>>> print(open('query.pdb').read())   # PDB, C-alpha atoms and all ligand atoms
ATOM      1  CA  ARG H   1     -12.831  92.258 214.359
ATOM      2  CA  ALA H   2     -12.330  91.194 217.958
ATOM      3  CA  LYS H   3     -12.549  87.598 216.765
ATOM      4  CA  SER H   4     -10.299  86.247 219.462
ATOM      5  CA  ALA H   5     -12.680  87.468 222.179
ATOM      6  CA  GLY H   6     -14.741  84.342 221.443
ATOM      7  CA  ARG H   7     -11.717  82.199 222.202
ATOM      8  CA  GLY H   8     -11.439  83.675 225.639
ATOM      9  CA  VAL H   9      -8.438  85.836 224.847
ATOM     10  CA  ALA H  10      -8.564  89.379 226.038
ATOM     11  CA  ALA H  11      -8.704  91.374 222.855
ATOM     12  CA  PHE H  12     -10.326  94.558 221.813
ATOM     13  CA  TYR H  13     -10.876  96.264 218.564
ATOM     14  CA  ASP H  14      -8.769  99.369 218.316
ATOM     15  CA  PRO H  15      -9.917 101.404 215.309
ATOM     16  CA  GLU H  16      -7.006 103.771 215.825
ATOM     17  CA  MET H  17      -4.425 101.021 215.397
ATOM     18  CA  ASP H  18      -6.266  99.716 212.380
ATOM     19  CA  ARG H  19      -6.192 103.122 210.779
ATOM     20  CA  GLU H  20      -2.495 103.577 211.524
ATOM     21  CA  ALA H  21      -1.639 100.217 210.009
ATOM     22  CA  ARG H  22      -3.635 101.026 206.883
ATOM     23  CA  GLU H  23      -2.034 104.452 206.545
ATOM     24  CA  ARG H  24       1.376 102.979 206.945
ATOM     25  CA  ARG H  25       0.733 100.346 204.253
ATOM     26  CA  GLN H  26      -0.563 103.064 201.959
ATOM     27  CA  LEU H  27       2.556 105.142 202.591
ATOM     28  CA  GLU H  28       4.745 102.134 201.780
ATOM     29  CA  THR H  29       2.950 101.673 198.474
ATOM     30  CA  ASP H  30       3.034 105.383 197.651
ATOM     31  CA  LEU H  31       6.753 105.473 198.389
ATOM     32  CA  ARG H  32       7.435 102.714 195.884
ATOM     33  CA  HIS H  33       5.942 104.899 193.146
ATOM     34  CA  ALA H  34       7.374 108.197 194.339
ATOM     35  CA  ILE H  35      10.328 108.155 191.916
ATOM     36  CA  SER H  36       8.398 107.212 188.793
ATOM     37  CA  ARG H  37       5.661 109.730 189.653
ATOM     38  CA  ASN H  38       8.207 112.519 189.997
ATOM     39  CA  GLN H  39       7.253 113.324 193.571
ATOM     40  CA  LEU H  40      10.794 113.531 194.909
ATOM     41  CA  HIS H  41      13.154 116.435 194.877
ATOM     42  CA  LEU H  42      16.234 117.561 196.736
ATOM     43  CA  ALA H  43      16.639 120.577 198.956
ATOM     44  CA  TYR H  44      20.160 121.956 199.276
ATOM     45  CA  GLN H  45      21.509 123.458 202.486
ATOM     46  CA  PRO H  46      24.776 125.411 202.519
ATOM     47  CA  LEU H  47      27.847 124.448 204.524
ATOM     48  CA  VAL H  48      30.031 127.414 205.349
ATOM     49  CA  ASN H  49      33.486 128.111 206.710
ATOM     50  CA  ALA H  50      32.697 128.760 210.373
ATOM     51  CA  VAL H  51      35.004 131.755 210.634
ATOM     52  CA  ASN H  52      34.553 133.702 207.410
ATOM     53  CA  GLY H  53      31.146 132.377 206.337
ATOM     54  CA  VAL H  54      32.274 131.409 202.845
ATOM     55  CA  CYS H  55      30.147 128.621 201.363
ATOM     56  CA  SER H  56      32.111 125.430 200.738
ATOM     57  CA  GLY H  57      29.261 123.304 199.431
ATOM     58  CA  TYR H  58      25.776 121.987 200.068
ATOM     59  CA  GLU H  59      24.086 119.017 201.697
ATOM     60  CA  ALA H  60      21.347 117.376 199.631
ATOM     61  CA  LEU H  61      18.229 116.629 201.680
ATOM     62  CA  LEU H  62      15.461 114.477 200.279
ATOM     63  CA  ARG H  63      11.924 115.880 199.994
ATOM     64  CA  TRP H  64       8.744 114.033 199.066
ATOM     65  CA  SER H  65       5.747 115.941 197.771
ATOM     66  CA  HIS H  66       2.914 113.562 198.515
ATOM     67  CA  PRO H  67      -0.265 114.145 196.478
ATOM     68  CA  ASP H  68      -2.517 114.141 199.584
ATOM     69  CA  ARG H  69      -0.177 114.843 202.452
ATOM     70  CA  GLY H  70       1.927 117.609 200.972
ATOM     71  CA  GLU H  71       5.608 117.774 201.921
ATOM     72  CA  VAL H  72       6.591 114.708 203.898
ATOM     73  CA  LEU H  73       9.838 115.096 205.824
ATOM     74  CA  PRO H  74      12.549 112.430 205.625
ATOM     75  CA  ASP H  75      12.391 111.527 209.306
ATOM     76  CA  SER H  76       8.913 110.115 208.697
ATOM     77  CA  PHE H  77       9.526 108.249 205.430
ATOM     78  CA  ILE H  78      13.214 107.240 205.398
ATOM     79  CA  PRO H  79      12.618 104.659 208.184
ATOM     80  CA  ILE H  80       9.759 103.161 206.136
ATOM     81  CA  ALA H  81      11.922 103.110 203.010
ATOM     82  CA  GLU H  82      14.630 101.382 205.034
ATOM     83  CA  GLU H  83      12.284  98.689 206.303
ATOM     84  CA  THR H  84      10.743  97.945 202.919
ATOM     85  CA  GLY H  85      13.960  98.172 200.936
ATOM     86  CA  SER H  86      12.776 101.143 198.862
ATOM     87  CA  ILE H  87      15.789 103.025 200.212
ATOM     88  CA  ILE H  88      18.039 101.244 197.721
ATOM     89  CA  ALA H  89      16.285 102.815 194.740
ATOM     90  CA  LEU H  90      15.705 106.098 196.577
ATOM     91  CA  GLY H  91      19.339 106.303 197.627
ATOM     92  CA  GLU H  92      20.563 105.811 194.081
ATOM     93  CA  TRP H  93      18.089 108.395 192.812
ATOM     94  CA  VAL H  94      19.276 110.911 195.422
ATOM     95  CA  LEU H  95      22.930 110.369 194.591
ATOM     96  CA  ARG H  96      22.421 110.704 190.835
ATOM     97  CA  GLU H  97      20.249 113.802 191.200
ATOM     98  CA  ALA H  98      22.701 115.424 193.638
ATOM     99  CA  CYS H  99      25.749 114.667 191.479
ATOM    100  CA  LEU H 100      24.024 115.907 188.306
ATOM    101  CA  THR H 101      23.197 119.169 190.047
ATOM    102  CA  ALA H 102      26.604 119.624 191.649
ATOM    103  CA  ALA H 103      28.330 118.995 188.327
ATOM    104  CA  GLN H 104      26.852 122.309 187.171
ATOM    105  CA  TRP H 105      28.201 124.304 190.123
ATOM    106  CA  GLU H 106      31.529 125.988 190.400
ATOM    107  CA  PRO H 107      34.103 123.230 190.872
ATOM    108  CA  HIS H 108      35.194 124.351 194.365
ATOM    109  CA  LEU H 109      31.749 123.524 195.786
ATOM    110  CA  SER H 110      31.225 120.103 197.330
ATOM    111  CA  ILE H 111      28.051 118.069 197.595
ATOM    112  CA  ALA H 112      27.159 116.028 200.677
ATOM    113  CA  VAL H 113      24.765 113.098 200.337
ATOM    114  CA  ASN H 114      23.296 111.049 203.190
ATOM    115  CA  VAL H 115      23.685 107.295 202.937
ATOM    116  CA  SER H 116      21.458 104.918 204.872
ATOM    117  CA  PRO H 117      22.921 102.036 206.893
ATOM    118  CA  VAL H 118      20.693  99.751 204.816
ATOM    119  CA  GLN H 119      22.476 100.832 201.630
ATOM    120  CA  PHE H 120      25.690  99.752 203.296
ATOM    121  CA  ARG H 121      24.396  96.290 204.007
ATOM    122  CA  LEU H 122      22.191  95.420 201.048
ATOM    123  CA  ALA H 123      23.634  97.096 198.026
ATOM    124  CA  ASN H 124      26.950  97.085 196.350
ATOM    125  CA  LEU H 125      27.382 100.637 197.440
ATOM    126  CA  ALA H 126      30.869 101.405 196.169
ATOM    127  CA  GLU H 127      30.081 100.089 192.681
ATOM    128  CA  MET H 128      26.865 102.079 192.578
ATOM    129  CA  VAL H 129      28.692 105.254 193.611
ATOM    130  CA  ALA H 130      31.419 104.660 191.012
ATOM    131  CA  LYS H 131      28.798 104.190 188.314
ATOM    132  CA  VAL H 132      26.895 107.368 189.238
ATOM    133  CA  LEU H 133      30.104 109.436 189.419
ATOM    134  CA  ALA H 134      31.080 108.234 185.945
ATOM    135  CA  GLU H 135      27.617 108.897 184.520
ATOM    136  CA  THR H 136      27.317 112.377 185.959
ATOM    137  CA  ASN H 137      30.921 113.348 185.351
ATOM    138  CA  LEU H 138      31.358 114.676 188.880
ATOM    139  CA  ALA H 139      34.906 114.745 190.245
ATOM    140  CA  PRO H 140      34.902 112.225 193.130
ATOM    141  CA  ILE H 141      36.783 114.671 195.338
ATOM    142  CA  ARG H 142      33.680 116.872 195.388
ATOM    143  CA  LEU H 143      31.439 114.164 196.812
ATOM    144  CA  GLN H 144      31.044 113.662 200.558
ATOM    145  CA  LEU H 145      29.017 110.726 201.823
ATOM    146  CA  GLU H 146      27.437 111.233 205.237
ATOM    147  CA  ILE H 147      26.922 108.154 207.349
ATOM    148  CA  THR H 148      25.730 107.728 210.907
ATOM    149  CA  GLU H 149      27.143 105.436 213.524
ATOM    150  CA  THR H 150      24.308 102.936 213.117
ATOM    151  CA  ALA H 151      25.848 102.066 209.745
ATOM    152  CA  LEU H 152      28.928 100.835 211.565
ATOM    153  CA  MET H 153      27.265  98.616 214.104
ATOM    154  CA  LYS H 154      26.630  95.529 212.002
ATOM    155  CA  ASP H 155      29.120  93.561 209.935
ATOM    156  CA  ARG H 156      32.079  95.729 210.811
ATOM    157  CA  MET H 157      34.403  94.005 208.354
ATOM    158  CA  ILE H 158      32.007  94.399 205.431
ATOM    159  CA  THR H 159      31.417  98.031 206.323
ATOM    160  CA  LEU H 160      35.133  98.669 206.573
ATOM    161  CA  GLY H 161      35.684  97.042 203.173
ATOM    162  CA  THR H 162      32.993  99.222 201.600
ATOM    163  CA  LEU H 163      34.414 102.362 203.206
ATOM    164  CA  TYR H 164      37.888 101.651 201.837
ATOM    165  CA  LYS H 165      36.476 100.982 198.374
ATOM    166  CA  LEU H 166      34.702 104.338 198.538
ATOM    167  CA  LYS H 167      37.854 106.077 199.670
ATOM    168  CA  ARG H 168      39.793 104.535 196.812
ATOM    169  CA  LEU H 169      37.265 106.145 194.461
ATOM    170  CA  GLY H 170      38.309 109.464 195.953
ATOM    171  CA  VAL H 171      35.118 110.387 197.792
ATOM    172  CA  SER H 172      35.131 111.654 201.402
ATOM    173  CA  ILE H 173      33.342 110.051 204.304
ATOM    174  CA  VAL H 174      31.635 112.192 206.932
ATOM    175  CA  MET H 175      30.557 110.933 210.342
ATOM    176  CA  ASP H 176      27.083 112.489 210.660
ATOM    177  CA  ASP H 177      25.201 113.241 213.891
ATOM    178  CA  PHE H 178      28.295 112.507 215.924
ATOM    179  CA  GLY H 179      27.788 112.072 219.649
ATOM    180  CA  THR H 180      24.358 110.473 219.521
ATOM    181  CA  GLY H 181      25.268 106.893 218.604
ATOM    182  CA  TYR H 182      27.243 104.167 220.326
ATOM    183  CA  SER H 183      30.971 103.619 220.828
ATOM    184  CA  SER H 184      31.748 106.877 219.092
ATOM    185  CA  LEU H 185      35.391 107.027 220.072
ATOM    186  CA  SER H 186      36.490 103.628 218.841
ATOM    187  CA  ASN H 187      34.514 104.126 215.639
ATOM    188  CA  LEU H 188      36.549 107.208 214.859
ATOM    189  CA  GLN H 189      39.710 105.228 215.284
ATOM    190  CA  SER H 190      38.807 102.168 213.264
ATOM    191  CA  PHE H 191      36.944 103.726 210.334
ATOM    192  CA  PRO H 192      38.518 106.023 207.750
ATOM    193  CA  PHE H 193      36.524 109.216 208.250
ATOM    194  CA  ASP H 194      37.465 112.521 206.684
ATOM    195  CA  LYS H 195      35.233 114.799 208.730
ATOM    196  CA  ILE H 196      33.063 114.857 211.856
ATOM    197  CA  LYS H 197      29.664 116.522 212.063
ATOM    198  CA  ILE H 198      28.544 117.318 215.597
ATOM    199  CA  ASP H 199      24.903 116.505 216.136
ATOM    200  CA  ARG H 200      22.458 119.379 216.192
ATOM    201  CA  SER H 201      21.252 118.508 219.692
ATOM    202  CA  PHE H 202      24.567 119.650 221.226
ATOM    203  CA  ILE H 203      24.606 122.909 219.290
ATOM    204  CA  SER H 204      21.026 123.757 220.196
ATOM    205  CA  THR H 205      21.645 123.326 223.922
ATOM    206  CA  MET H 206      25.071 124.981 224.013
ATOM    207  CA  GLU H 207      23.743 128.307 225.233
ATOM    208  CA  GLY H 208      22.043 126.722 228.222
ATOM    209  CA  GLY H 209      25.264 126.560 230.206
ATOM    210  CA  GLY H 210      25.009 122.793 230.700
ATOM    211  CA  SER H 211      27.292 120.041 229.476
ATOM    212  CA  ALA H 212      26.652 120.505 225.750
ATOM    213  CA  ARG H 213      29.438 123.021 225.337
ATOM    214  CA  ALA H 214      31.906 120.730 227.081
ATOM    215  CA  ILE H 215      30.913 117.948 224.697
ATOM    216  CA  VAL H 216      31.398 120.179 221.670
ATOM    217  CA  ARG H 217      34.815 121.128 223.039
ATOM    218  CA  ALA H 218      35.725 117.488 223.530
ATOM    219  CA  ILE H 219      34.640 116.528 220.017
ATOM    220  CA  VAL H 220      36.661 119.381 218.505
ATOM    221  CA  GLY H 221      39.666 118.243 220.548
ATOM    222  CA  LEU H 222      39.187 114.745 219.257
ATOM    223  CA  GLY H 223      39.007 116.075 215.718
ATOM    224  CA  ARG H 224      42.257 117.960 216.226
ATOM    225  CA  GLY H 225      43.980 114.871 217.568
ATOM    226  CA  LEU H 226      42.815 112.796 214.623
ATOM    227  CA  ASN H 227      43.437 115.604 212.153
ATOM    228  CA  LEU H 228      39.785 115.780 211.121
ATOM    229  CA  PRO H 229      37.788 118.921 210.414
ATOM    230  CA  VAL H 230      34.725 119.330 212.623
ATOM    231  CA  VAL H 231      31.391 120.706 211.425
ATOM    232  CA  ALA H 232      28.733 122.185 213.708
ATOM    233  CA  GLU H 233      25.268 121.249 212.495
ATOM    234  CA  GLY H 234      22.051 123.156 213.283
ATOM    235  CA  VAL H 235      23.516 126.593 214.055
ATOM    236  CA  GLU H 236      20.494 128.864 214.426
ATOM    237  CA  THR H 237      21.660 131.897 216.412
ATOM    238  CA  GLU H 238      24.553 134.344 216.437
ATOM    239  CA  ALA H 239      25.365 133.240 219.982
ATOM    240  CA  GLN H 240      25.716 129.619 218.853
ATOM    241  CA  HIS H 241      27.799 130.739 215.890
ATOM    242  CA  LYS H 242      30.151 132.648 218.189
ATOM    243  CA  MET H 243      30.493 129.635 220.474
ATOM    244  CA  VAL H 244      31.263 127.150 217.705
ATOM    245  CA  ILE H 245      33.979 129.491 216.422
ATOM    246  CA  GLU H 246      35.390 129.812 219.933
ATOM    247  CA  GLU H 247      35.403 126.057 220.324
ATOM    248  CA  GLY H 248      37.256 125.660 217.045
ATOM    249  CA  CYS H 249      34.721 124.138 214.656
ATOM    250  CA  THR H 250      35.995 124.575 211.132
ATOM    251  CA  GLU H 251      32.677 124.475 209.300
ATOM    252  CA  ALA H 252      29.071 125.259 210.159
ATOM    253  CA  GLN H 253      25.608 124.494 208.852
ATOM    254  CA  GLY H 254      22.213 125.662 210.032
ATOM    255  CA  TYR H 255      19.289 127.998 209.545
ATOM    256  CA  LEU H 256      21.493 130.986 210.457
ATOM    257  CA  PHE H 257      23.431 130.495 207.206
ATOM    258  CA  GLY H 258      20.649 129.072 205.086
ATOM    259  CA  ARG H 259      17.692 126.740 205.210
ATOM    260  CA  PRO H 260      17.478 123.799 202.839
ATOM    261  CA  GLY H 261      16.197 125.251 199.579
ATOM    262  CA  SER H 262      15.464 124.358 196.011
ATOM    263  CA  MET H 263      18.222 124.720 193.444
ATOM    264  CA  MET H 264      16.382 127.612 191.808
ATOM    265  CA  VAL H 265      16.458 129.633 195.027
ATOM    266  CA  ILE H 266      20.137 128.882 195.547
ATOM    267  CA  ALA H 267      20.990 129.780 191.938
ATOM    268  CA  SER H 268      19.160 133.103 192.137
ATOM    269  CA  LYS H 269      20.875 133.962 195.434
ATOM    270  CA  THR H 270      24.317 133.164 194.061
ATOM    271  CA  PHE H 271      23.442 135.276 191.051
ATOM    272  CA  ALA H 272      22.301 138.153 193.265
ATOM    273  CA  GLU H 273      25.470 137.931 195.354
ATOM    274  CA  ALA H 274      27.680 137.742 192.288
ATOM    275  CA  GLY H 275      25.867 140.571 190.534
TER     276      GLY H 275
HETATM  277  P1  LIG H 301      20.831 114.999 208.752
HETATM  278  O1  LIG H 301      21.601 114.350 207.661
HETATM  279  O2  LIG H 301      21.498 115.134 210.084
HETATM  280  O3  LIG H 301      20.382 116.393 208.160
HETATM  281  C1  LIG H 301      20.256 117.569 208.917
HETATM  282  C2  LIG H 301      18.817 117.855 209.250
HETATM  283  O4  LIG H 301      18.776 119.015 210.102
HETATM  284  C3  LIG H 301      17.947 118.217 208.050
HETATM  285  O5  LIG H 301      16.631 117.781 208.345
HETATM  286  C4  LIG H 301      18.008 119.738 208.049
HETATM  287  O6  LIG H 301      16.907 120.328 207.393
HETATM  288  C5  LIG H 301      17.951 120.001 209.526
HETATM  289  N1  LIG H 301      18.546 121.291 209.881
HETATM  290  C6  LIG H 301      19.599 121.918 209.307
HETATM  291  N2  LIG H 301      19.887 123.055 209.931
HETATM  292  C7  LIG H 301      19.000 123.169 210.949
HETATM  293  C8  LIG H 301      18.790 124.165 211.974
HETATM  294  O7  LIG H 301      19.497 125.164 212.078
HETATM  295  N3  LIG H 301      17.794 123.911 212.843
HETATM  296  C9  LIG H 301      16.988 122.814 212.772
HETATM  297  N4  LIG H 301      16.030 122.671 213.681
HETATM  298  N5  LIG H 301      17.167 121.870 211.824
HETATM  299  C10 LIG H 301      18.156 122.055 210.921
HETATM  300  P2  LIG H 301      15.778 116.949 207.286
HETATM  301  O8  LIG H 301      15.986 117.494 205.905
HETATM  302  O9  LIG H 301      14.393 116.879 207.799
HETATM  303  O10 LIG H 301      16.456 115.511 207.313
HETATM  304  C11 LIG H 301      16.414 114.725 208.459
HETATM  305  C12 LIG H 301      17.272 113.497 208.314
HETATM  306  O11 LIG H 301      16.766 112.630 207.305
HETATM  307  C13 LIG H 301      18.701 113.798 207.893
HETATM  308  O12 LIG H 301      19.459 114.206 209.007
HETATM  309  C14 LIG H 301      19.128 112.462 207.333
HETATM  310  O13 LIG H 301      19.513 111.591 208.358
HETATM  311  C15 LIG H 301      17.848 111.959 206.718
HETATM  312  N6  LIG H 301      17.887 112.189 205.261
HETATM  313  C16 LIG H 301      17.597 113.316 204.565
HETATM  314  N7  LIG H 301      17.779 113.131 203.239
HETATM  315  C17 LIG H 301      18.223 111.853 203.092
HETATM  316  C18 LIG H 301      18.607 111.055 201.976
HETATM  317  O14 LIG H 301      18.628 111.482 200.808
HETATM  318  N8  LIG H 301      18.995 109.755 202.233
HETATM  319  C19 LIG H 301      19.026 109.264 203.500
HETATM  320  N9  LIG H 301      19.405 107.982 203.678
HETATM  321  N10 LIG H 301      18.688 109.982 204.576
HETATM  322  C20 LIG H 301      18.288 111.272 204.386
HETATM  323 MG    MG H 302      23.480 114.617 206.965
HETATM  324 MG    MG H 303      23.273 115.406 210.789
HETATM  325 MG    MG H 304      20.235 113.640 211.523
END
>>> encode(input="query.pdb", output="structure tokens")
Amino acid sequence: RAKSAGRGVAAFYDPEMDREARERRQLETDLRHAISRNQLHLAYQPLVNAVNGVCSGYEALLRWSHPDRGEVLPDSFIPIAEETGSIIALGEWVLREACLTAAQWEPHLSIAVNVSPVQFRLANLAEMVAKVLAETNLAPIRLQLEITETALMKDRMITLGTLYKLKRLGVSIVMDDFGTGYSSLSNLQSFPFDKIKIDRSFISTMEGGGSARAIVRAIVGLGRGLNLPVVAEGVETEAQHKMVIEEGCTEAQGYLFGRPGSMMVIASKTFAEAG
């Protein structure tokens, strides 16, 4: 405690920082055991045809039920998992779980899985994906891997090699959160994407009459030029839904169509709709 003060260095004991550091270390440790302790599950959020609302598939979103903290959201633990390397095991768990589940759905439904930039750099991603697809018996064409632009920033050649290996397996690659990263335009040209997802922040501010709508329009135009479908993420209101249709988005996702939910909820809904 405040040892350095004796050495004439300005230092003070900050109990708050101490607590934060301890909590963070605890979280890191807890995360390492989360899989074996069965604390993880996936929530599934529908993706729909923007115009007719028909569900085309689901995105798998990771959930952690912490014994003391309750539900921890991915934005607060994925970065920790990425720094400690736990994301490699977590990512494989997510993919296997998602593929196992999707293999039981009707075959026209796709499954989207988020892939961390760290998985791109540290693991033999394409081999892992091939192994999981074989084990779970999921047709590769049904799997969509969502990556963000940060995955493309380092080791471009390695990333490109991995992407082409994945494409040769038959899986699709989605550019997630498009518009928020760097050098978006050249990335679209040099990497083999199959779909663009417009970041939620543009959709949520579209109604405000500012520049967001112009950006959505530009991204859709880009998609058209490159022959890529464009998804609007985070559609919450009818007004936003109307706008994304007007702008030409082909698919939509958001609370308006369905919140991320457990497989049981989704199954019962599908059953209710069918019956
Ligand atoms: P993302 O891949 O962009 O996922 C979309 C996020 O937006 C999800 O948050 C989803 O619940 C939320 N969302 C969807 N529709 C709406 C809406 O209408 N309004 C609002 N306000 N939010 C909406 P979530 O589940 O908290 O995930 C956050 C991020 O964590 C994800 O962003 C993704 O980057 C990451 N993530 C989630 N699961 C995984 C995973 O299994 N692996 C990796 N590497 N990352 C994951
Ligand atoms: Mg995503
Ligand atoms: Mg996204
Ligand atoms: Mg995101």
>>> residues_around(input="query.pdb", residues="Ile141 of chain H", least_positions_apart="3", cutoff="9 Å", atoms="all atoms listed in the file", output="list in words")
Ser110, Leu138, Gln144, Leu169, Gly170, Val171 and Ser172 of chain H
>>> resolve_selection(input="query.pdb", expression="the PyMOL selection byres (((chain H and resi 161) around 12) and not hetatm)", output="ChimeraX atom specification")
/H:120-121,124-126,152,155-160,162-168,190-192
>>> resolve_selection(input="query.pdb", expression="the PyMOL selection byres (((not hetatm)) within 7 of (chain H and resi 301))", output="CSV table (one decimal) with C-alpha atoms, keeping the file's coordinate frame")
chain,number,residue,atom,x,y,z
H,60,ALA,CA,21.3,117.4,199.6
H,61,LEU,CA,18.2,116.6,201.7
H,62,LEU,CA,15.5,114.5,200.3
H,73,LEU,CA,9.8,115.1,205.8
H,74,PRO,CA,12.5,112.4,205.6
H,75,ASP,CA,12.4,111.5,209.3
H,78,ILE,CA,13.2,107.2,205.4
H,91,GLY,CA,19.3,106.3,197.6
H,94,VAL,CA,19.3,110.9,195.4
H,113,VAL,CA,24.8,113.1,200.3
H,114,ASN,CA,23.3,111.0,203.2
H,115,VAL,CA,23.7,107.3,202.9
H,116,SER,CA,21.5,104.9,204.9
H,176,ASP,CA,27.1,112.5,210.7
H,177,ASP,CA,25.2,113.2,213.9
H,233,GLU,CA,25.3,121.2,212.5
H,234,GLY,CA,22.1,123.2,213.3
H,235,VAL,CA,23.5,126.6,214.1
H,236,GLU,CA,20.5,128.9,214.4
H,253,GLN,CA,25.6,124.5,208.9
H,254,GLY,CA,22.2,125.7,210.0
H,255,TYR,CA,19.3,128.0,209.5
H,256,LEU,CA,21.5,131.0,210.5
H,259,ARG,CA,17.7,126.7,205.2
H,260,PRO,CA,17.5,123.8,202.8
>>> atom_distance(input="query.pdb", atom1="atom CA of His66 of chain H", atom2="atom CA of Glu28 of chain H")
12.0 Å
>>> resolve_selection(input="query.pdb", expression="the PyMOL selection byres (((not hetatm)) within 10 of (chain H and resi 303))", output="list of chain:residue names")
H:Glu59, H:Asn114, H:Glu146, H:Ile147, H:Thr148, H:Val174, H:Met175, H:Asp176, H:Asp177, H:Phe178, H:Ile196, H:Lys197, H:Ile198, H:Asp199, H:Arg200, H:Ser201, H:Val231, H:Ala232, H:Glu233, H:Gly234, H:Gln253
>>> atom_distance(input="query.pdb", atom1="atom CA of Gly223 of chain H", atom2="atom CA of Leu188 of chain H")
9.2 Å
>>> build_atoms(input="query.pdb", residues="segment 172-178 of chain H", atoms="all heavy atoms", output="PDB file, keeping the file's coordinate frame")
ATOM      1  N   SER H 172      34.893 111.487 199.971  1.00  0.00           N
ATOM      2  CA  SER H 172      35.131 111.654 201.402  1.00  0.00           C
ATOM      3  C   SER H 172      33.991 111.051 202.205  1.00  0.00           C
ATOM      4  O   SER H 172      32.853 110.976 201.748  1.00  0.00           O
ATOM      5  CB  SER H 172      35.235 113.127 201.784  1.00  0.00           C
ATOM      6  OG  SER H 172      36.020 113.807 200.881  1.00  0.00           O
ATOM      7  N   ILE H 173      34.332 110.653 203.413  1.00  0.00           N
ATOM      8  CA  ILE H 173      33.342 110.051 204.304  1.00  0.00           C
ATOM      9  C   ILE H 173      33.178 110.945 205.539  1.00  0.00           C
ATOM     10  O   ILE H 173      34.155 111.272 206.212  1.00  0.00           O
ATOM     11  CB  ILE H 173      33.782 108.646 204.767  1.00  0.00           C
ATOM     12  CG1 ILE H 173      34.285 107.798 203.585  1.00  0.00           C
ATOM     13  CG2 ILE H 173      32.653 107.961 205.520  1.00  0.00           C
ATOM     14  CD1 ILE H 173      33.228 107.332 202.639  1.00  0.00           C
ATOM     15  N   VAL H 174      31.934 111.323 205.797  1.00  0.00           N
ATOM     16  CA  VAL H 174      31.635 112.192 206.932  1.00  0.00           C
ATOM     17  C   VAL H 174      30.867 111.407 207.986  1.00  0.00           C
ATOM     18  O   VAL H 174      29.917 110.698 207.669  1.00  0.00           O
ATOM     19  CB  VAL H 174      30.773 113.401 206.479  1.00  0.00           C
ATOM     20  CG1 VAL H 174      30.490 114.339 207.656  1.00  0.00           C
ATOM     21  CG2 VAL H 174      31.429 114.142 205.330  1.00  0.00           C
ATOM     22  N   MET H 175      31.310 111.523 209.238  1.00  0.00           N
ATOM     23  CA  MET H 175      30.557 110.933 210.342  1.00  0.00           C
ATOM     24  C   MET H 175      29.474 111.927 210.753  1.00  0.00           C
ATOM     25  O   MET H 175      29.764 112.967 211.311  1.00  0.00           O
ATOM     26  CB  MET H 175      31.538 110.660 211.478  1.00  0.00           C
ATOM     27  CG  MET H 175      30.930 110.357 212.811  1.00  0.00           C
ATOM     28  SD  MET H 175      30.822 108.589 213.128  1.00  0.00           S
ATOM     29  CE  MET H 175      29.482 108.082 212.079  1.00  0.00           C
ATOM     30  N   ASP H 176      28.221 111.585 210.425  1.00  0.00           N
ATOM     31  CA  ASP H 176      27.083 112.489 210.660  1.00  0.00           C
ATOM     32  C   ASP H 176      26.531 112.288 212.069  1.00  0.00           C
ATOM     33  O   ASP H 176      26.672 111.212 212.656  1.00  0.00           O
ATOM     34  CB  ASP H 176      26.005 112.178 209.613  1.00  0.00           C
ATOM     35  CG  ASP H 176      25.017 113.323 209.408  1.00  0.00           C
ATOM     36  OD1 ASP H 176      25.094 114.338 210.125  1.00  0.00           O
ATOM     37  OD2 ASP H 176      24.168 113.191 208.506  1.00  0.00           O
ATOM     38  N   ASP H 177      25.893 113.311 212.586  1.00  0.00           N
ATOM     39  CA  ASP H 177      25.201 113.241 213.891  1.00  0.00           C
ATOM     40  C   ASP H 177      26.096 112.682 214.990  1.00  0.00           C
ATOM     41  O   ASP H 177      25.648 111.909 215.839  1.00  0.00           O
ATOM     42  CB  ASP H 177      23.934 112.363 213.790  1.00  0.00           C
ATOM     43  CG  ASP H 177      22.949 112.908 212.773  1.00  0.00           C
ATOM     44  OD1 ASP H 177      23.087 114.077 212.393  1.00  0.00           O
ATOM     45  OD2 ASP H 177      22.042 112.166 212.367  1.00  0.00           O
ATOM     46  N   PHE H 178      27.361 113.085 214.968  1.00  0.00           N
ATOM     47  CA  PHE H 178      28.295 112.507 215.924  1.00  0.00           C
ATOM     48  C   PHE H 178      27.926 112.863 217.367  1.00  0.00           C
ATOM     49  O   PHE H 178      27.558 113.995 217.670  1.00  0.00           O
ATOM     50  CB  PHE H 178      29.722 112.980 215.634  1.00  0.00           C
ATOM     51  CG  PHE H 178      30.743 112.280 216.477  1.00  0.00           C
ATOM     52  CD1 PHE H 178      31.055 110.958 216.229  1.00  0.00           C
ATOM     53  CD2 PHE H 178      31.363 112.933 217.530  1.00  0.00           C
ATOM     54  CE1 PHE H 178      31.988 110.293 217.014  1.00  0.00           C
ATOM     55  CE2 PHE H 178      32.295 112.271 218.323  1.00  0.00           C
ATOM     56  CZ  PHE H 178      32.598 110.948 218.068  1.00  0.00           C
TER      57      PHE H 178
END
